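Structure file work-v8.csv (CSV, C-alpha atoms) is printed below.
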chain,number,residue,atom,x,y,z
A,1,MET,CA,135.9,151.3,99.5
A,2,LYS,CA,134.5,149.5,102.5
A,3,ASN,CA,136.6,147.0,104.5
A,4,LEU,CA,136.2,143.5,103.4
A,5,ASN,CA,133.3,141.7,105.1
A,6,ILE,CA,134.7,138.4,106.4
A,7,LYS,CA,131.3,137.0,107.0
A,8,LEU,CA,130.4,137.5,103.4
A,9,VAL,CA,133.7,135.9,102.3
A,10,LYS,CA,132.7,132.8,104.3
A,11,LYS,CA,129.1,132.8,102.9
A,12,LEU,CA,130.4,133.2,99.3
A,13,ARG,CA,132.9,130.4,99.9
A,14,ILE,CA,130.3,128.0,101.2
A,15,LYS,CA,127.9,128.9,98.4
A,16,THR,CA,130.3,128.6,95.5
A,17,LYS,CA,133.1,126.3,96.8
A,18,ILE,CA,135.5,128.6,95.1
A,19,SER,CA,138.8,129.6,96.7
A,20,ILE,CA,138.8,132.2,99.4
A,21,SER,CA,141.1,134.5,97.4
A,22,LYS,CA,138.6,134.6,94.5
A,23,CYS,CA,135.7,135.2,96.9
A,24,LYS,CA,137.6,138.1,98.4
A,25,GLU,CA,138.4,139.5,94.9
A,26,ALA,CA,134.7,139.4,94.0
A,27,LEU,CA,133.6,141.1,97.1
A,28,LEU,CA,136.3,143.8,96.9
A,29,TYR,CA,135.4,144.5,93.3
A,30,ASN,CA,131.7,144.8,94.2
A,31,ASN,CA,132.0,146.7,97.4
A,32,ASN,CA,130.8,143.8,99.6
A,33,ASN,CA,127.6,143.3,97.6
A,34,TYR,CA,126.9,139.6,98.0
A,35,LYS,CA,124.5,139.2,95.0
A,36,LYS,CA,126.7,141.2,92.6
A,37,SER,CA,129.7,139.2,93.8
A,38,LEU,CA,127.9,135.9,92.9
A,39,LYS,CA,127.2,137.3,89.4
A,40,TYR,CA,130.8,138.5,89.1
A,41,LEU,CA,132.1,135.0,89.8
A,42,ILE,CA,129.8,133.5,87.2
A,43,ASN,CA,130.8,136.1,84.6
A,44,LYS,CA,134.5,135.5,85.3
A,45,THR,CA,134.1,131.8,84.4
A,46,PRO,CA,136.7,131.0,81.8
A,47,ASN,CA,135.5,130.2,78.3
A,48,PHE,CA,136.8,126.6,78.2
A,49,LYS,CA,137.3,125.4,74.7
A,50,ASN,CA,138.6,121.8,75.3
A,51,LYS,CA,136.2,119.0,74.6
A,52,CYS,CA,134.7,117.1,77.5
A,53,ASN,CA,136.0,113.6,76.6
A,54,ASN,CA,136.0,112.4,80.2
A,55,GLY,CA,133.5,112.3,83.0
A,56,PHE,CA,131.9,110.7,86.0
A,57,ILE,CA,128.9,108.3,86.3
A,58,LEU,CA,127.0,107.9,89.5
A,59,THR,CA,124.0,105.7,90.4
A,60,GLU,CA,121.9,105.7,93.5
A,61,THR,CA,118.7,104.1,94.8
A,62,TYR,CA,116.4,105.9,97.2
A,63,ASN,CA,113.4,103.9,98.4
A,64,ASN,CA,111.6,103.0,95.1
A,65,LYS,CA,113.6,105.2,92.8
A,66,SER,CA,116.9,104.4,91.0
A,67,ILE,CA,118.8,107.3,89.4
A,68,ILE,CA,121.8,107.4,87.1
A,69,ILE,CA,123.6,110.6,86.1
A,70,LYS,CA,126.5,111.5,83.8
A,71,ILE,CA,128.8,114.5,84.5
A,72,LYS,CA,131.2,115.4,81.7
A,73,CYS,CA,134.6,117.1,82.2
A,74,GLU,CA,137.8,117.4,80.3
A,75,SER,CA,140.3,115.2,82.2
A,76,ASP,CA,140.3,111.9,84.1
A,77,PHE,CA,142.1,113.7,86.9
A,78,VAL,CA,139.2,116.1,87.5
A,79,SER,CA,136.7,113.2,87.1
A,80,LYS,CA,138.2,111.7,90.2
A,81,ASN,CA,138.0,114.9,92.3
A,82,LYS,CA,135.9,114.6,95.4
A,83,ASN,CA,134.0,117.8,94.5
A,84,ILE,CA,132.6,116.1,91.3
A,85,THR,CA,131.4,113.2,93.5
A,86,LYS,CA,129.7,115.6,95.9
A,87,PHE,CA,128.2,117.6,93.0
A,88,ALA,CA,126.7,114.5,91.5
A,89,LYS,CA,125.3,113.2,94.8
A,90,ASN,CA,123.6,116.6,95.5
A,91,ILE,CA,122.0,116.5,92.0
A,92,ILE,CA,120.7,113.0,92.4
A,93,LEU,CA,119.2,113.8,95.8
A,94,TYR,CA,117.5,116.8,94.3
A,95,ILE,CA,116.1,114.7,91.4
A,96,TYR,CA,114.7,112.3,94.0
A,97,LYS,CA,113.2,114.9,96.3
A,98,LYS,CA,111.7,117.1,93.6
A,99,ASN,CA,110.8,114.3,91.1
A,100,ILE,CA,112.7,116.0,88.3
A,101,ILE,CA,112.1,114.6,84.9
A,102,SER,CA,113.5,117.3,82.6
A,103,LEU,CA,117.2,117.5,81.8
A,104,GLU,CA,116.8,121.1,80.7
A,105,LYS,CA,115.2,122.1,84.0
A,106,LEU,CA,117.9,120.3,85.9
A,107,LYS,CA,120.7,122.0,84.0
A,108,LYS,CA,119.1,125.4,84.6
A,109,LYS,CA,118.8,124.7,88.3
A,110,PHE,CA,122.5,123.7,88.7
A,111,SER,CA,124.0,126.1,86.0
A,112,SER,CA,125.6,128.4,88.6
A,113,GLN,CA,127.1,125.5,90.5
A,114,GLU,CA,128.5,124.1,87.3
A,115,LYS,CA,130.2,127.4,86.6
A,116,TYR,CA,131.5,127.7,90.2
A,117,LEU,CA,132.9,124.1,90.0
A,118,SER,CA,134.5,124.9,86.6
A,119,ILE,CA,136.3,127.9,88.1
A,120,LYS,CA,137.4,125.9,91.1
A,121,LEU,CA,138.7,122.9,89.2
A,122,GLY,CA,140.0,124.8,86.1
A,123,GLU,CA,138.1,123.1,83.3
A,124,ASN,CA,134.7,122.7,81.7
A,125,ILE,CA,132.2,120.7,83.7
A,126,HIS,CA,128.6,120.1,82.9
A,127,ILE,CA,125.6,117.8,83.5
A,128,SER,CA,125.4,115.6,80.4
A,129,ASP,CA,122.5,113.3,81.1
A,130,PHE,CA,120.3,111.6,83.7
A,131,LEU,CA,117.7,108.8,83.8
A,132,TYR,CA,115.6,107.2,86.4
A,133,LEU,CA,113.4,104.2,87.1
A,134,THR,CA,110.6,104.0,89.8
A,135,GLY,CA,109.1,100.8,91.2
A,136,LYS,CA,109.1,98.4,94.1
A,137,TYR,CA,112.1,96.5,92.8
A,138,THR,CA,114.8,98.7,91.4
A,139,THR,CA,118.6,98.5,91.8
A,140,ASN,CA,121.8,100.2,90.6
A,141,TYR,CA,125.4,99.4,89.9
A,142,THR,CA,128.4,101.6,88.9
A,143,HIS,CA,131.8,100.4,87.7
A,144,ASN,CA,134.7,102.7,88.4
A,145,ASN,CA,132.4,105.7,88.0
A,146,LYS,CA,132.7,105.2,84.2
A,147,ILE,CA,129.8,102.9,83.5
A,148,GLY,CA,126.6,102.6,85.3
A,149,THR,CA,123.2,100.7,85.2
A,150,ILE,CA,119.9,101.1,86.8
A,151,LEU,CA,117.4,98.2,86.6
A,152,LYS,CA,113.7,97.6,87.3
A,153,ILE,CA,112.3,94.1,87.7
A,154,LYS,CA,109.1,92.3,88.6
A,155,LYS,CA,109.3,89.1,90.6
A,156,LYS,CA,107.1,86.1,91.0
A,157,THR,CA,108.5,84.9,94.4
A,158,ASN,CA,108.5,86.1,98.0
A,159,LYS,CA,112.2,85.3,98.4
A,160,ASN,CA,114.8,88.1,98.8
A,161,ILE,CA,116.6,88.1,95.5
A,162,SER,CA,118.3,91.5,95.8
A,163,ASN,CA,121.8,89.9,95.3
A,164,LYS,CA,120.6,88.1,92.1
A,165,ILE,CA,119.1,91.4,90.8
A,166,LYS,CA,122.4,93.1,91.5
A,167,LYS,CA,124.3,90.5,89.5
A,168,ILE,CA,122.0,91.2,86.5
A,169,SER,CA,122.8,95.0,86.7
A,170,MET,CA,126.5,94.0,86.8
A,171,HIS,CA,126.0,91.9,83.8
A,172,ILE,CA,124.3,94.7,81.9
A,173,THR,CA,127.1,97.1,82.9
A,174,ALA,CA,129.7,94.6,81.6
A,175,LEU,CA,128.2,93.4,78.3
A,176,ASN,CA,126.1,96.4,77.2
A,177,PRO,CA,122.9,94.9,75.8
A,178,LYS,CA,120.8,97.3,73.8
A,179,PHE,CA,117.5,95.5,74.2
A,180,ILE,CA,115.8,93.1,76.6
A,181,ASN,CA,114.2,90.8,74.0
A,182,LYS,CA,114.6,90.1,70.3
A,183,ASN,CA,111.0,91.4,69.7
A,184,ASP,CA,112.1,94.8,71.0
A,185,ILE,CA,114.3,95.3,68.0
A,186,ASP,CA,112.3,97.1,65.3
A,187,ASN,CA,112.8,96.5,61.5
A,188,LYS,CA,114.7,99.8,61.0
A,189,ILE,CA,117.4,98.6,63.4
A,190,LYS,CA,117.5,95.2,61.9
A,191,ARG,CA,118.0,96.7,58.4
A,192,LYS,CA,120.9,98.7,59.7
A,193,ILE,CA,122.5,95.6,61.3
A,194,LYS,CA,122.0,93.8,58.0
A,195,GLN,CA,123.5,96.6,55.9
A,196,LYS,CA,126.6,96.8,58.2
A,197,ILE,CA,127.2,93.1,58.0
A,198,TYR,CA,126.6,93.1,54.3
A,199,ILE,CA,129.2,95.8,53.7
A,200,SER,CA,131.7,94.2,56.1
A,201,THR,CA,131.5,90.7,54.5
A,202,ASN,CA,131.4,92.0,50.9
A,203,LEU,CA,128.6,89.6,50.0
A,204,LYS,CA,127.5,89.9,46.4
A,205,LYS,CA,124.0,90.9,45.5
A,206,ASN,CA,122.7,87.8,44.1
A,207,ASN,CA,120.5,84.8,45.0
A,208,ASN,CA,123.3,82.6,46.1
A,209,LEU,CA,121.9,80.5,48.9
A,210,ILE,CA,125.3,80.2,50.6
A,211,ASN,CA,125.6,83.9,50.8
A,212,LYS,CA,122.1,84.3,52.2
A,213,LYS,CA,122.8,81.7,54.8
A,214,ILE,CA,126.1,83.4,55.9
A,215,LEU,CA,124.3,86.7,56.1
A,216,ASN,CA,121.4,85.4,58.1
A,217,ASN,CA,123.8,83.6,60.5
A,218,LYS,CA,125.8,86.8,61.1
A,219,ILE,CA,122.6,88.8,61.6
A,220,ASN,CA,121.3,86.3,64.2
A,221,LYS,CA,124.6,86.3,66.0
A,222,LYS,CA,124.7,90.1,66.2
A,223,ILE,CA,121.1,90.2,67.5
A,224,LYS,CA,122.0,87.7,70.2
A,225,GLU,CA,125.0,89.8,71.2
A,226,ILE,CA,122.9,93.0,71.8
A,227,THR,CA,119.8,91.2,73.3
A,228,LEU,CA,119.9,90.7,77.1
A,229,MET,CA,117.8,87.5,77.2
A,230,GLU,CA,120.1,85.8,74.6
A,231,GLN,CA,123.4,86.7,76.3
A,232,LYS,CA,125.4,84.2,78.3
A,233,PHE,CA,125.4,85.1,82.0
A,234,ILE,CA,128.8,86.5,83.0
A,235,PHE,CA,128.6,84.6,86.3
A,236,ASN,CA,127.7,81.4,84.6
A,237,ASP,CA,128.6,81.1,80.9
A,238,LYS,CA,126.7,77.8,80.6
A,239,MET,CA,123.4,79.7,81.2
A,240,LYS,CA,121.7,82.4,79.2
A,241,ILE,CA,120.1,85.3,81.1
A,242,LYS,CA,116.6,84.2,80.2
A,243,LYS,CA,117.2,80.8,81.9
A,244,TYR,CA,118.7,82.5,85.0
A,245,LEU,CA,115.6,84.8,85.3
A,246,LYS,CA,113.2,81.9,84.8
A,247,LYS,CA,115.0,79.9,87.4
A,248,ASN,CA,114.9,82.7,90.0
A,249,LYS,CA,111.3,83.7,89.1
A,250,PHE,CA,111.7,87.3,88.1
A,251,TYR,CA,111.9,89.3,84.8
A,252,ILE,CA,113.3,92.6,83.6
A,253,LYS,CA,110.9,95.4,83.1
A,254,LYS,CA,113.4,98.1,82.1
A,255,PHE,CA,117.0,99.1,82.3
A,256,TYR,CA,119.2,102.1,81.5
A,257,ARG,CA,122.9,102.1,81.0
A,258,LEU,CA,125.3,105.1,80.7
A,259,GLU,CA,129.0,105.2,80.1
A,260,ILE,CA,131.8,107.7,79.6
Can you dump the structure from the file as structure tokens?
Amino acid sequence: MKNLNIKLVKKLRIKTKISISKCKEALLYNNNNYKKSLKYLINKTPNFKNKCNNGFILTETYNNKSIIIKIKCESDFVSKNKNITKFAKNIILYIYKKNIISLEKLKKKFSSQEKYLSIKLGENIHISDFLYLTGKYTTNYTHNNKIGTILKIKKKTNKNISNKIKKISMHITALNPKFINKNDIDNKIKRKIKQKIYISTNLKKNNNLINKKILNNKINKKIKEITLMEQKFIFNDKMKIKKYLKKNKFYIKKFYRLEI
């Protein structure tokens, strides 16, 4: 057995972020062979069986691209670890630089780092999802790294409205609209809403006009709750979002929201 190569220990430590003792173990076992030691560490990853019921959300905007990513893990304690933050930031930067659009390719690229991080922190960690928006006017917002929103707008004014756009992304993060306009809701979703309300209210299947009116009122109320334009603005509950947008001369083109 050769003497332990300290330079390879450092190299393996920098590459994997795994403890020095485990890097030494891998190199000793593989007779200072760097590539075999990397594979050894991957194969030694524990078979974590606990469900990933926690995680970390990160959003960033680089130039004209806003990105949101969800990293899943087992515990809230690990979700707050600085290594998770660094991992997520590196992934977002890679998405931006390489124009990645496939989750499958992204997971494949970072599969080894996922495993190294799992070993280091002692629980299952994996990339769950990512989304992005490109355009001249995009923004992002994250709340406690548990909920995040990215937003794309088109404006009809030359004024700087970045603060106003940020408030809309905060609103979306807080109230979780599913659609921008009522017209975006297709008939299939409307039927599901109607069926849920019908069951919850126990309305009888007849032609009773009172029953129909109650049902329609509840359906309309639910649609308003999940439609961004119909929601009351969290920073001014006397104004709907559609009025706020009209007043400030911009409109929403697209948004994505992820949460743990």
Using only C-alpha atoms, pick whichever of A:Ser112, A:Asn217, A:Ser102, A:Asn236 has the shortest atom-to-atom distance to Tyr40 in chain A.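 Comparing A:Ser112, A:Asn217, A:Ser102, A:Asn236 against Tyr40 in chain A, the winner is A:Ser112.
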Long-range neighbours of range 82-99 of chain A as a ChimeraX atom specification, 9 Å cut-off, only C-alpha atoms, 2 positions minimum in chain: /A:17,56-60,62,65-71,78-80,101,106,110,113-114,117,121,125,127,130
Pairwise distance, CA of Lys243 in chain A with CA of Lys221 in chain A, equals 18.4 Å
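Among the candidates A:Lys146, A:Lys224, A:Lys192, A:Lys249, the residue lying nearest to Lys164 in chain A is A:Lys249 (atoms considered: only C-alpha atoms).
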Would you mind telling me which residue in A:Asn140, A:Asn248, A:Asn32, A:Ser37 lies nearest to Lys155 in chain A when using all atoms listed in the file?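 Smallest separation from Lys155 in chain A among the options: A:Asn248.
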Nearest candidate to Cys52 in chain A (options A:Ser128, A:Asn3, A:Asn64, A:Ser200; using only C-alpha atoms):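 Among the listed residues, the smallest separation from Cys52 in chain A belongs to A:Ser128.
Take CA of Ile100 in chain A and CA of Cys73 in chain A: the distance between them is 22.8 Å.
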Point-to-point distance from CA of Lys166 in chain A to CA of Asp76 in chain A, Å rounded to tenths: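 Value for the CA of Lys166 in chain A-CA of Asp76 in chain A distance: 27.0 Å.
Distance annotation: of A:Asp129, A:Val9, A:Thr138, A:Ser169, the residue with the minimal separation from Lys107 in chain A is A:Asp129; atom set is all atoms listed in the file.
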Pick out the residues sitting within 8 Å of Ile226 in chain A, and hand them over as a PyMOL selection string; count only C-alpha atoms, and ignore anything fewer than 2 positions along from it in its own chain. chain A and resi 176-179+222-224+228+231
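Shortest atom-to-atom contact with Leu215 in chain A among A:Lys232, A:Lys108, A:Lys238, A:Lys194: A:Lys194, counting all atoms listed in the file.
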Can you rebuild range 152-163 of chain A with all heavy atoms and give it as a PDB file, in the frame of the given file?
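Saved file selection_39.pdb follows:
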ATOM      1  N   LYS A 152     115.038  97.777  86.705  1.00  0.00           N
ATOM      2  CA  LYS A 152     113.700  97.600  87.300  1.00  0.00           C
ATOM      3  C   LYS A 152     113.237  96.171  86.971  1.00  0.00           C
ATOM      4  O   LYS A 152     113.258  95.780  85.801  1.00  0.00           O
ATOM      5  CB  LYS A 152     112.737  98.626  86.830  1.00  0.00           C
ATOM      6  CG  LYS A 152     111.328  98.489  87.389  1.00  0.00           C
ATOM      7  CD  LYS A 152     110.441  99.592  86.822  1.00  0.00           C
ATOM      8  CE  LYS A 152     109.019  99.477  87.327  1.00  0.00           C
ATOM      9  NZ  LYS A 152     108.157 100.568  86.787  1.00  0.00           N
ATOM     10  N   ILE A 153     112.783  95.427  87.986  1.00  0.00           N
ATOM     11  CA  ILE A 153     112.300  94.100  87.700  1.00  0.00           C
ATOM     12  C   ILE A 153     110.935  93.841  88.343  1.00  0.00           C
ATOM     13  O   ILE A 153     110.450  94.630  89.152  1.00  0.00           O
ATOM     14  CB  ILE A 153     113.313  93.006  88.299  1.00  0.00           C
ATOM     15  CG1 ILE A 153     113.338  93.054  89.839  1.00  0.00           C
ATOM     16  CG2 ILE A 153     114.701  93.228  87.767  1.00  0.00           C
ATOM     17  CD1 ILE A 153     112.703  91.875  90.498  1.00  0.00           C
ATOM     18  N   LYS A 154     110.323  92.759  87.938  1.00  0.00           N
ATOM     19  CA  LYS A 154     109.100  92.300  88.600  1.00  0.00           C
ATOM     20  C   LYS A 154     109.341  90.842  88.963  1.00  0.00           C
ATOM     21  O   LYS A 154     109.837  90.049  88.161  1.00  0.00           O
ATOM     22  CB  LYS A 154     107.912  92.389  87.614  1.00  0.00           C
ATOM     23  CG  LYS A 154     106.579  92.040  88.273  1.00  0.00           C
ATOM     24  CD  LYS A 154     105.421  92.358  87.355  1.00  0.00           C
ATOM     25  CE  LYS A 154     104.091  92.074  88.074  1.00  0.00           C
ATOM     26  NZ  LYS A 154     102.925  92.409  87.209  1.00  0.00           N
ATOM     27  N   LYS A 155     109.022  90.492  90.191  1.00  0.00           N
ATOM     28  CA  LYS A 155     109.300  89.100  90.600  1.00  0.00           C
ATOM     29  C   LYS A 155     108.070  88.332  90.947  1.00  0.00           C
ATOM     30  O   LYS A 155     107.022  88.876  91.283  1.00  0.00           O
ATOM     31  CB  LYS A 155     110.259  89.164  91.841  1.00  0.00           C
ATOM     32  CG  LYS A 155     109.707  89.752  93.125  1.00  0.00           C
ATOM     33  CD  LYS A 155     110.750  89.607  94.239  1.00  0.00           C
ATOM     34  CE  LYS A 155     110.172  90.057  95.579  1.00  0.00           C
ATOM     35  NZ  LYS A 155     111.099  89.784  96.690  1.00  0.00           N
ATOM     36  N   LYS A 156     108.212  87.013  90.806  1.00  0.00           N
ATOM     37  CA  LYS A 156     107.100  86.100  91.000  1.00  0.00           C
ATOM     38  C   LYS A 156     107.332  85.237  92.279  1.00  0.00           C
ATOM     39  O   LYS A 156     106.741  84.178  92.424  1.00  0.00           O
ATOM     40  CB  LYS A 156     106.942  85.170  89.819  1.00  0.00           C
ATOM     41  CG  LYS A 156     106.756  85.890  88.496  1.00  0.00           C
ATOM     42  CD  LYS A 156     106.760  84.916  87.343  1.00  0.00           C
ATOM     43  CE  LYS A 156     106.664  85.632  86.010  1.00  0.00           C
ATOM     44  NZ  LYS A 156     106.719  84.679  84.875  1.00  0.00           N
ATOM     45  N   THR A 157     108.197  85.692  93.149  1.00  0.00           N
ATOM     46  CA  THR A 157     108.500  84.900  94.400  1.00  0.00           C
ATOM     47  C   THR A 157     108.611  85.873  95.551  1.00  0.00           C
ATOM     48  O   THR A 157     108.830  87.079  95.394  1.00  0.00           O
ATOM     49  CB  THR A 157     109.898  84.231  94.172  1.00  0.00           C
ATOM     50  OG1 THR A 157     110.272  83.614  95.408  1.00  0.00           O
ATOM     51  CG2 THR A 157     110.984  85.210  93.778  1.00  0.00           C
ATOM     52  N   ASN A 158     108.418  85.324  96.735  1.00  0.00           N
ATOM     53  CA  ASN A 158     108.500  86.100  98.000  1.00  0.00           C
ATOM     54  C   ASN A 158     109.926  86.126  98.532  1.00  0.00           C
ATOM     55  O   ASN A 158     110.198  86.791  99.531  1.00  0.00           O
ATOM     56  CB  ASN A 158     107.535  85.564  99.016  1.00  0.00           C
ATOM     57  CG  ASN A 158     106.090  85.785  98.618  1.00  0.00           C
ATOM     58  OD1 ASN A 158     105.762  86.804  98.011  1.00  0.00           O
ATOM     59  ND2 ASN A 158     105.227  84.825  98.953  1.00  0.00           N
ATOM     60  N   LYS A 159     110.814  85.376  97.905  1.00  0.00           N
ATOM     61  CA  LYS A 159     112.200  85.300  98.400  1.00  0.00           C
ATOM     62  C   LYS A 159     112.938  86.608  98.152  1.00  0.00           C
ATOM     63  O   LYS A 159     112.646  87.343  97.206  1.00  0.00           O
ATOM     64  CB  LYS A 159     112.929  84.153  97.692  1.00  0.00           C
ATOM     65  CG  LYS A 159     112.410  82.768  98.055  1.00  0.00           C
ATOM     66  CD  LYS A 159     113.215  81.704  97.321  1.00  0.00           C
ATOM     67  CE  LYS A 159     112.722  80.298  97.663  1.00  0.00           C
ATOM     68  NZ  LYS A 159     113.493  79.265  96.925  1.00  0.00           N
ATOM     69  N   ASN A 160     113.913  86.881  98.990  1.00  0.00           N
ATOM     70  CA  ASN A 160     114.800  88.100  98.800  1.00  0.00           C
ATOM     71  C   ASN A 160     115.796  87.741  97.712  1.00  0.00           C
ATOM     72  O   ASN A 160     116.652  86.879  97.875  1.00  0.00           O
ATOM     73  CB  ASN A 160     115.496  88.381 100.112  1.00  0.00           C
ATOM     74  CG  ASN A 160     116.323  89.659 100.019  1.00  0.00           C
ATOM     75  OD1 ASN A 160     116.549  90.188  98.924  1.00  0.00           O
ATOM     76  ND2 ASN A 160     116.773  90.149 101.145  1.00  0.00           N
ATOM     77  N   ILE A 161     115.668  88.427  96.588  1.00  0.00           N
ATOM     78  CA  ILE A 161     116.600  88.100  95.500  1.00  0.00           C
ATOM     79  C   ILE A 161     117.404  89.372  95.100  1.00  0.00           C
ATOM     80  O   ILE A 161     117.858  89.518  93.965  1.00  0.00           O
ATOM     81  CB  ILE A 161     115.766  87.672  94.219  1.00  0.00           C
ATOM     82  CG1 ILE A 161     114.692  88.708  93.841  1.00  0.00           C
ATOM     83  CG2 ILE A 161     115.154  86.300  94.448  1.00  0.00           C
ATOM     84  CD1 ILE A 161     113.985  88.410  92.546  1.00  0.00           C
ATOM     85  N   SER A 162     117.615  90.261  96.068  1.00  0.00           N
ATOM     86  CA  SER A 162     118.300  91.500  95.800  1.00  0.00           C
ATOM     87  C   SER A 162     119.753  91.238  95.264  1.00  0.00           C
ATOM     88  O   SER A 162     120.233  91.959  94.376  1.00  0.00           O
ATOM     89  CB  SER A 162     118.437  92.359  97.077  1.00  0.00           C
ATOM     90  OG  SER A 162     119.047  91.638  98.133  1.00  0.00           O
ATOM     91  N   ASN A 163     120.419  90.212  95.779  1.00  0.00           N
ATOM     92  CA  ASN A 163     121.800  89.900  95.300  1.00  0.00           C
ATOM     93  C   ASN A 163     121.735  89.399  93.854  1.00  0.00           C
ATOM     94  O   ASN A 163     122.616  89.731  93.056  1.00  0.00           O
ATOM     95  CB  ASN A 163     122.382  88.791  96.198  1.00  0.00           C
ATOM     96  CG  ASN A 163     123.817  88.481  95.821  1.00  0.00           C
ATOM     97  OD1 ASN A 163     124.643  89.388  95.736  1.00  0.00           O
ATOM     98  ND2 ASN A 163     124.120  87.216  95.595  1.00  0.00           N
TER      99      ASN A 163
END
